[in-house]
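Worksheet: the structure to be examined is printed underneath.
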Amino acid sequence: MKLYGALAILALPGAVGFAPNNNNAGTATALSSSGAPVSDGPAVGNTARPVGPEAPGGGIAVAGRRPPAQAPDGALGNFAMKFDSMPETIVQGGALRTWSFPTMSMGRVNLALTTQGPPEGNPLNVDIAFNEGPDNTPQRMRVYSGKGRLRPYKMWIETPSDTAAVFIRNLAPLEFPCEAKVGTEYDDVPPEENMNVITDDIFEMGKPNLIQGAGALRSYALEHSVSSVKVRLTTDGRPLNAMVELVQGPNAPKYTIEVYTEDGMLRPFTAVLETPGAGNELRIVNTASMEFPLTAAVGRSGQWPL
């Protein structure tokens, strides 16, 4: 009797028994740039295809954030040519090298540092001093990068005086030499060859932020679409003392830069830091006293190596 009852139920019109309904398959959902969920059709396995609007810099826009736009044609090439054309000097571990410019009518000195060794490079640990005359060091930096080839260091120093010299001391042991490139740039170069103009075209500079003294901290979270950042620190003419860190993960600094500048208006600190991978965060600490605030501006690049 029970068998006949079950057969009768299966014979009823519209009965589905134990067969799955294919019309109710799961759908993959992603968030658009506005944060609203957007359906993307049937899911395949556990893989969901992102459907947010593609931003100008490549990659998917994040709610409230926009990846930077592509740089104008020629800006990236001019930036690379600036550093590639400079002569390279090997600075052995513990050694000091000097570049002197006794008579110059130029606007800035360009500087690039990297290391040798494995594909990602050995640690980079150097002390950089910019001198103007005897016993006068208006600008000084101490730079550390855990992997000097993966994360090289590039900066330029403004030179308002007529004579100058750059000192680079490799603080690493003898087994870790570094490669230094030092070049000059004149004030009367065309705009397309001016380092400040070139990098402003490449990097989408954010709104400047005032950072008070006495250890005030400002942090910038960087999305994965950013491959490098431009950091510019200035003051209203007072001394500049700061520490710049790039961390990736909890308490894992990749760059550590200690900065001193006698006059943050005449000699601002400007550098380019590489940010490969995801989870990068930039930290800027004003190590001066409360009476000496600084202004920080950070620019993001797109998905291209520099």
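The way I read the labels, and the way they are meant: chains A, B, ... in the order of the structure tokens, residue 1 as the first residue of every chain, and ligand 1 as the first ligand shown, with later ones counted on from there.
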
**Which of region 70-143 of chain A DSSP labels strand (DSSP E), written as an MDAnalysis selection string** = chainID A and resid 88:91 96:101 106:115 124:131 139:143

Let's have the selection written as a compact mmCIF listing (two decimals), in the first residue's frame, with N, CA, C and O atoms.
# COMPACT_ATOMS: atom_id res chain seq x y z
N GLU A 88 76.81 54.95 -12.86
CA GLU A 88 76.63 54.11 -11.68
C GLU A 88 77.96 53.92 -10.96
O GLU A 88 78.99 53.71 -11.59
N THR A 89 77.91 53.98 -9.64
CA THR A 89 79.10 53.81 -8.80
C THR A 89 78.82 52.75 -7.74
O THR A 89 77.77 52.79 -7.09
N ILE A 90 79.74 51.80 -7.58
CA ILE A 90 79.61 50.79 -6.54
C ILE A 90 80.19 51.34 -5.24
O ILE A 90 81.33 51.80 -5.20
N VAL A 91 79.40 51.29 -4.19
CA VAL A 91 79.85 51.71 -2.85
C VAL A 91 79.92 50.46 -1.99
O VAL A 91 78.88 49.87 -1.62
N LEU A 96 82.74 55.14 1.99
CA LEU A 96 82.18 56.48 1.80
C LEU A 96 82.56 56.98 0.43
O LEU A 96 83.73 56.95 0.05
N ARG A 97 81.57 57.44 -0.34
CA ARG A 97 81.82 58.03 -1.65
C ARG A 97 81.28 59.45 -1.67
O ARG A 97 80.24 59.74 -1.05
N THR A 98 81.99 60.33 -2.41
CA THR A 98 81.64 61.75 -2.44
C THR A 98 81.47 62.21 -3.87
O THR A 98 82.26 61.86 -4.74
N TRP A 99 80.44 63.00 -4.11
CA TRP A 99 80.21 63.67 -5.39
C TRP A 99 80.21 65.18 -5.12
O TRP A 99 79.40 65.67 -4.34
N SER A 100 81.11 65.89 -5.76
CA SER A 100 81.27 67.32 -5.51
C SER A 100 80.82 68.12 -6.72
O SER A 100 81.09 67.74 -7.87
N PHE A 101 80.14 69.23 -6.46
CA PHE A 101 79.69 70.15 -7.50
C PHE A 101 80.15 71.55 -7.12
O PHE A 101 79.39 72.33 -6.54
N MET A 106 72.41 74.76 -11.09
CA MET A 106 71.37 73.75 -11.29
C MET A 106 70.35 73.82 -10.17
O MET A 106 70.59 74.43 -9.11
N GLY A 107 69.24 73.17 -10.42
CA GLY A 107 68.15 73.24 -9.46
C GLY A 107 68.13 72.11 -8.46
O GLY A 107 67.67 72.29 -7.34
N ARG A 108 68.67 70.93 -8.85
CA ARG A 108 68.56 69.78 -7.94
C ARG A 108 69.56 68.71 -8.31
O ARG A 108 70.12 68.70 -9.41
N VAL A 109 69.77 67.80 -7.35
CA VAL A 109 70.61 66.62 -7.54
C VAL A 109 69.70 65.40 -7.47
O VAL A 109 68.95 65.23 -6.50
N ASN A 110 69.76 64.55 -8.48
CA ASN A 110 68.97 63.32 -8.52
C ASN A 110 69.81 62.16 -7.98
O ASN A 110 71.01 62.07 -8.28
N LEU A 111 69.18 61.29 -7.24
CA LEU A 111 69.89 60.22 -6.56
C LEU A 111 69.07 58.94 -6.62
O LEU A 111 67.86 58.95 -6.38
N ALA A 112 69.73 57.82 -6.98
CA ALA A 112 69.08 56.51 -7.02
C ALA A 112 70.00 55.49 -6.38
O ALA A 112 71.20 55.45 -6.67
N LEU A 113 69.44 54.64 -5.52
CA LEU A 113 70.21 53.62 -4.80
C LEU A 113 69.53 52.27 -4.94
O LEU A 113 68.31 52.16 -4.82
N THR A 114 70.33 51.25 -5.18
CA THR A 114 69.86 49.88 -5.21
C THR A 114 70.98 48.97 -4.73
O THR A 114 72.05 49.46 -4.35
N THR A 115 70.75 47.65 -4.73
CA THR A 115 71.76 46.72 -4.23
C THR A 115 71.93 45.58 -5.22
O THR A 115 71.17 45.42 -6.18
N LEU A 124 69.58 47.30 1.92
CA LEU A 124 70.15 48.62 1.63
C LEU A 124 70.14 49.43 2.92
O LEU A 124 69.08 49.65 3.52
N ASN A 125 71.32 49.88 3.35
CA ASN A 125 71.45 50.63 4.60
C ASN A 125 72.51 51.70 4.40
O ASN A 125 73.71 51.41 4.43
N VAL A 126 72.09 52.94 4.15
CA VAL A 126 73.03 54.00 3.80
C VAL A 126 72.71 55.27 4.59
O VAL A 126 71.59 55.46 5.07
N ASP A 127 73.73 56.10 4.68
CA ASP A 127 73.59 57.44 5.25
C ASP A 127 73.92 58.44 4.14
O ASP A 127 75.00 58.37 3.53
N ILE A 128 73.00 59.37 3.88
CA ILE A 128 73.15 60.36 2.81
C ILE A 128 73.26 61.74 3.44
O ILE A 128 72.38 62.13 4.23
N ALA A 129 74.30 62.47 3.10
CA ALA A 129 74.49 63.83 3.62
C ALA A 129 74.68 64.78 2.45
O ALA A 129 75.42 64.48 1.50
N PHE A 130 74.03 65.92 2.51
CA PHE A 130 74.15 66.96 1.49
C PHE A 130 74.83 68.16 2.13
O PHE A 130 74.28 68.76 3.06
N ASN A 131 76.02 68.48 1.66
CA ASN A 131 76.82 69.55 2.26
C ASN A 131 76.87 70.78 1.37
O ASN A 131 76.89 70.68 0.14
N GLN A 139 71.06 69.07 4.96
CA GLN A 139 70.10 67.99 4.72
C GLN A 139 70.80 66.65 4.91
O GLN A 139 71.92 66.45 4.44
N ARG A 140 70.10 65.75 5.58
CA ARG A 140 70.69 64.44 5.87
C ARG A 140 69.57 63.40 5.97
O ARG A 140 68.50 63.68 6.51
N MET A 141 69.83 62.21 5.42
CA MET A 141 68.88 61.10 5.47
C MET A 141 69.61 59.80 5.81
O MET A 141 70.74 59.61 5.39
N ARG A 142 68.94 58.97 6.56
CA ARG A 142 69.40 57.59 6.77
C ARG A 142 68.33 56.67 6.21
O ARG A 142 67.16 56.74 6.62
N VAL A 143 68.71 55.82 5.27
CA VAL A 143 67.76 55.03 4.49
C VAL A 143 68.02 53.55 4.73
O VAL A 143 69.17 53.09 4.64

Which residues, written as a short mmCIF file (atom, residue, chain, number, x, y, z; two decimals) with N, CA and C atoms, in the first residue's frame, have at least one atom at most 8 Å from region 269-284 of chain A, with only C-alpha atoms counted and residues fewer than 6 positions away on the same chain left out?
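Saved to selection_37.cif:
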data_model
loop_
_atom_site.label_atom_id
_atom_site.label_comp_id
_atom_site.auth_asym_id
_atom_site.auth_seq_id
_atom_site.Cartn_x
_atom_site.Cartn_y
_atom_site.Cartn_z
N LEU A 150 64.32 44.98 -5.07
CA LEU A 150 62.87 44.99 -5.17
C LEU A 150 62.31 46.35 -4.77
N ARG A 151 62.93 46.97 -3.78
CA ARG A 151 62.48 48.28 -3.29
C ARG A 151 63.66 49.25 -3.30
N PRO A 152 64.06 49.75 -4.45
CA PRO A 152 65.15 50.73 -4.51
C PRO A 152 64.71 52.08 -3.95
N TYR A 153 65.65 52.98 -3.85
CA TYR A 153 65.38 54.30 -3.27
C TYR A 153 65.76 55.37 -4.28
N LYS A 154 64.80 56.25 -4.59
CA LYS A 154 65.02 57.33 -5.55
C LYS A 154 64.54 58.63 -4.93
N MET A 155 65.37 59.66 -5.05
CA MET A 155 65.01 60.96 -4.50
C MET A 155 65.73 62.05 -5.27
N TRP A 156 65.34 63.29 -5.02
CA TRP A 156 66.07 64.44 -5.55
C TRP A 156 66.13 65.51 -4.48
N ILE A 157 67.26 66.22 -4.49
CA ILE A 157 67.58 67.21 -3.46
C ILE A 157 67.65 68.58 -4.11
N LEU A 217 51.57 61.22 14.17
CA LEU A 217 51.67 60.19 13.14
C LEU A 217 50.54 60.36 12.14
N ARG A 218 50.89 60.18 10.87
CA ARG A 218 49.89 60.16 9.80
C ARG A 218 50.13 58.92 8.95
N SER A 219 49.11 58.13 8.70
CA SER A 219 49.27 56.90 7.93
C SER A 219 48.40 56.95 6.69
N TYR A 220 48.87 56.28 5.63
CA TYR A 220 48.17 56.22 4.35
C TYR A 220 48.10 54.76 3.92
N ALA A 221 46.88 54.22 3.84
CA ALA A 221 46.69 52.84 3.37
C ALA A 221 46.70 52.85 1.84
N LEU A 222 47.44 51.92 1.24
CA LEU A 222 47.61 51.86 -0.21
C LEU A 222 46.95 50.59 -0.74
N GLU A 223 46.06 50.74 -1.71
CA GLU A 223 45.44 49.57 -2.31
C GLU A 223 46.42 48.85 -3.21
N HIS A 224 46.06 47.63 -3.62
CA HIS A 224 46.99 46.77 -4.36
C HIS A 224 47.33 47.32 -5.74
N VAL A 226 48.36 50.18 -6.52
CA VAL A 226 49.43 51.17 -6.46
C VAL A 226 50.78 50.46 -6.44
N SER A 227 51.64 50.81 -7.38
CA SER A 227 52.96 50.16 -7.46
C SER A 227 54.06 51.00 -6.85
N SER A 228 53.84 52.30 -6.66
CA SER A 228 54.86 53.16 -6.05
C SER A 228 54.18 54.44 -5.58
N VAL A 229 54.85 55.15 -4.67
CA VAL A 229 54.31 56.39 -4.13
C VAL A 229 55.39 57.47 -4.14
N LYS A 230 54.94 58.69 -4.28
CA LYS A 230 55.82 59.86 -4.17
C LYS A 230 55.50 60.55 -2.84
N VAL A 231 56.53 60.80 -2.04
CA VAL A 231 56.38 61.42 -0.73
C VAL A 231 57.09 62.77 -0.76
N ARG A 232 56.39 63.81 -0.34
CA ARG A 232 56.96 65.15 -0.30
C ARG A 232 56.65 65.77 1.06
N LEU A 233 57.71 66.14 1.79
CA LEU A 233 57.59 66.75 3.10
C LEU A 233 58.16 68.15 3.06
N THR A 234 57.41 69.12 3.57
CA THR A 234 57.84 70.52 3.57
C THR A 234 57.49 71.16 4.91
N ALA A 242 61.74 64.13 10.53
CA ALA A 242 60.65 63.18 10.33
C ALA A 242 61.20 61.79 10.11
N MET A 243 60.31 60.82 10.26
CA MET A 243 60.62 59.43 9.93
C MET A 243 59.52 58.92 9.01
N VAL A 244 59.93 58.32 7.89
CA VAL A 244 58.99 57.78 6.90
C VAL A 244 59.16 56.26 6.90
N GLU A 245 58.06 55.55 7.04
CA GLU A 245 58.08 54.08 7.04
C GLU A 245 57.06 53.55 6.06
N LEU A 246 57.43 52.49 5.36
CA LEU A 246 56.49 51.74 4.55
C LEU A 246 56.42 50.34 5.14
N VAL A 247 55.25 49.96 5.61
CA VAL A 247 55.07 48.66 6.26
C VAL A 247 54.14 47.81 5.40
N GLN A 248 54.34 46.50 5.48
CA GLN A 248 53.50 45.53 4.77
C GLN A 248 53.23 44.39 5.73
N GLY A 249 52.07 44.45 6.36
CA GLY A 249 51.77 43.49 7.40
C GLY A 249 52.08 44.09 8.77
N VAL A 259 64.78 61.58 8.31
CA VAL A 259 65.01 62.78 7.50
C VAL A 259 65.31 63.96 8.42
N THR A 261 66.20 68.17 7.65
CA THR A 261 66.39 69.27 6.72
C THR A 261 66.43 70.57 7.49
N LEU A 306 58.59 51.54 -11.80
CA LEU A 306 59.39 52.76 -11.99
C LEU A 306 60.85 52.47 -11.74
#

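Distances from A:Val189, A:Ala288, A:Leu210, A:Ile198 to Gly77 (chain A) were compared using only C-alpha atoms, and the smallest one belongs to A:Ile198.
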
Please produce, as a tab-separated table, a per-residue contact table for region 188-293 of chain A versus region 178-184 of chain A (criterion: any atom at most 12 Å away, only C-alpha atoms considered), showing the nearest atom pair and its distance in Å to one decimal, sorted by chain then residue number.
residue	atom	partner	partner_atom	distance
A:Val189	CA	A:Thr184	CA	11.1
A:Glu193	CA	A:Thr184	CA	11.8
A:Asn194	CA	A:Thr184	CA	11.0
A:Met195	CA	A:Thr184	CA	10.6

**helix (DSSP H, G or I) residues, from DSSP on the backbone, in region 127-269 of chain A, as a list in words** = Pro191, Glu192, Glu193, Met195, Asn196, Val197, Ile198, Thr199, Asp200, Asp201 and Ile202 of chain A
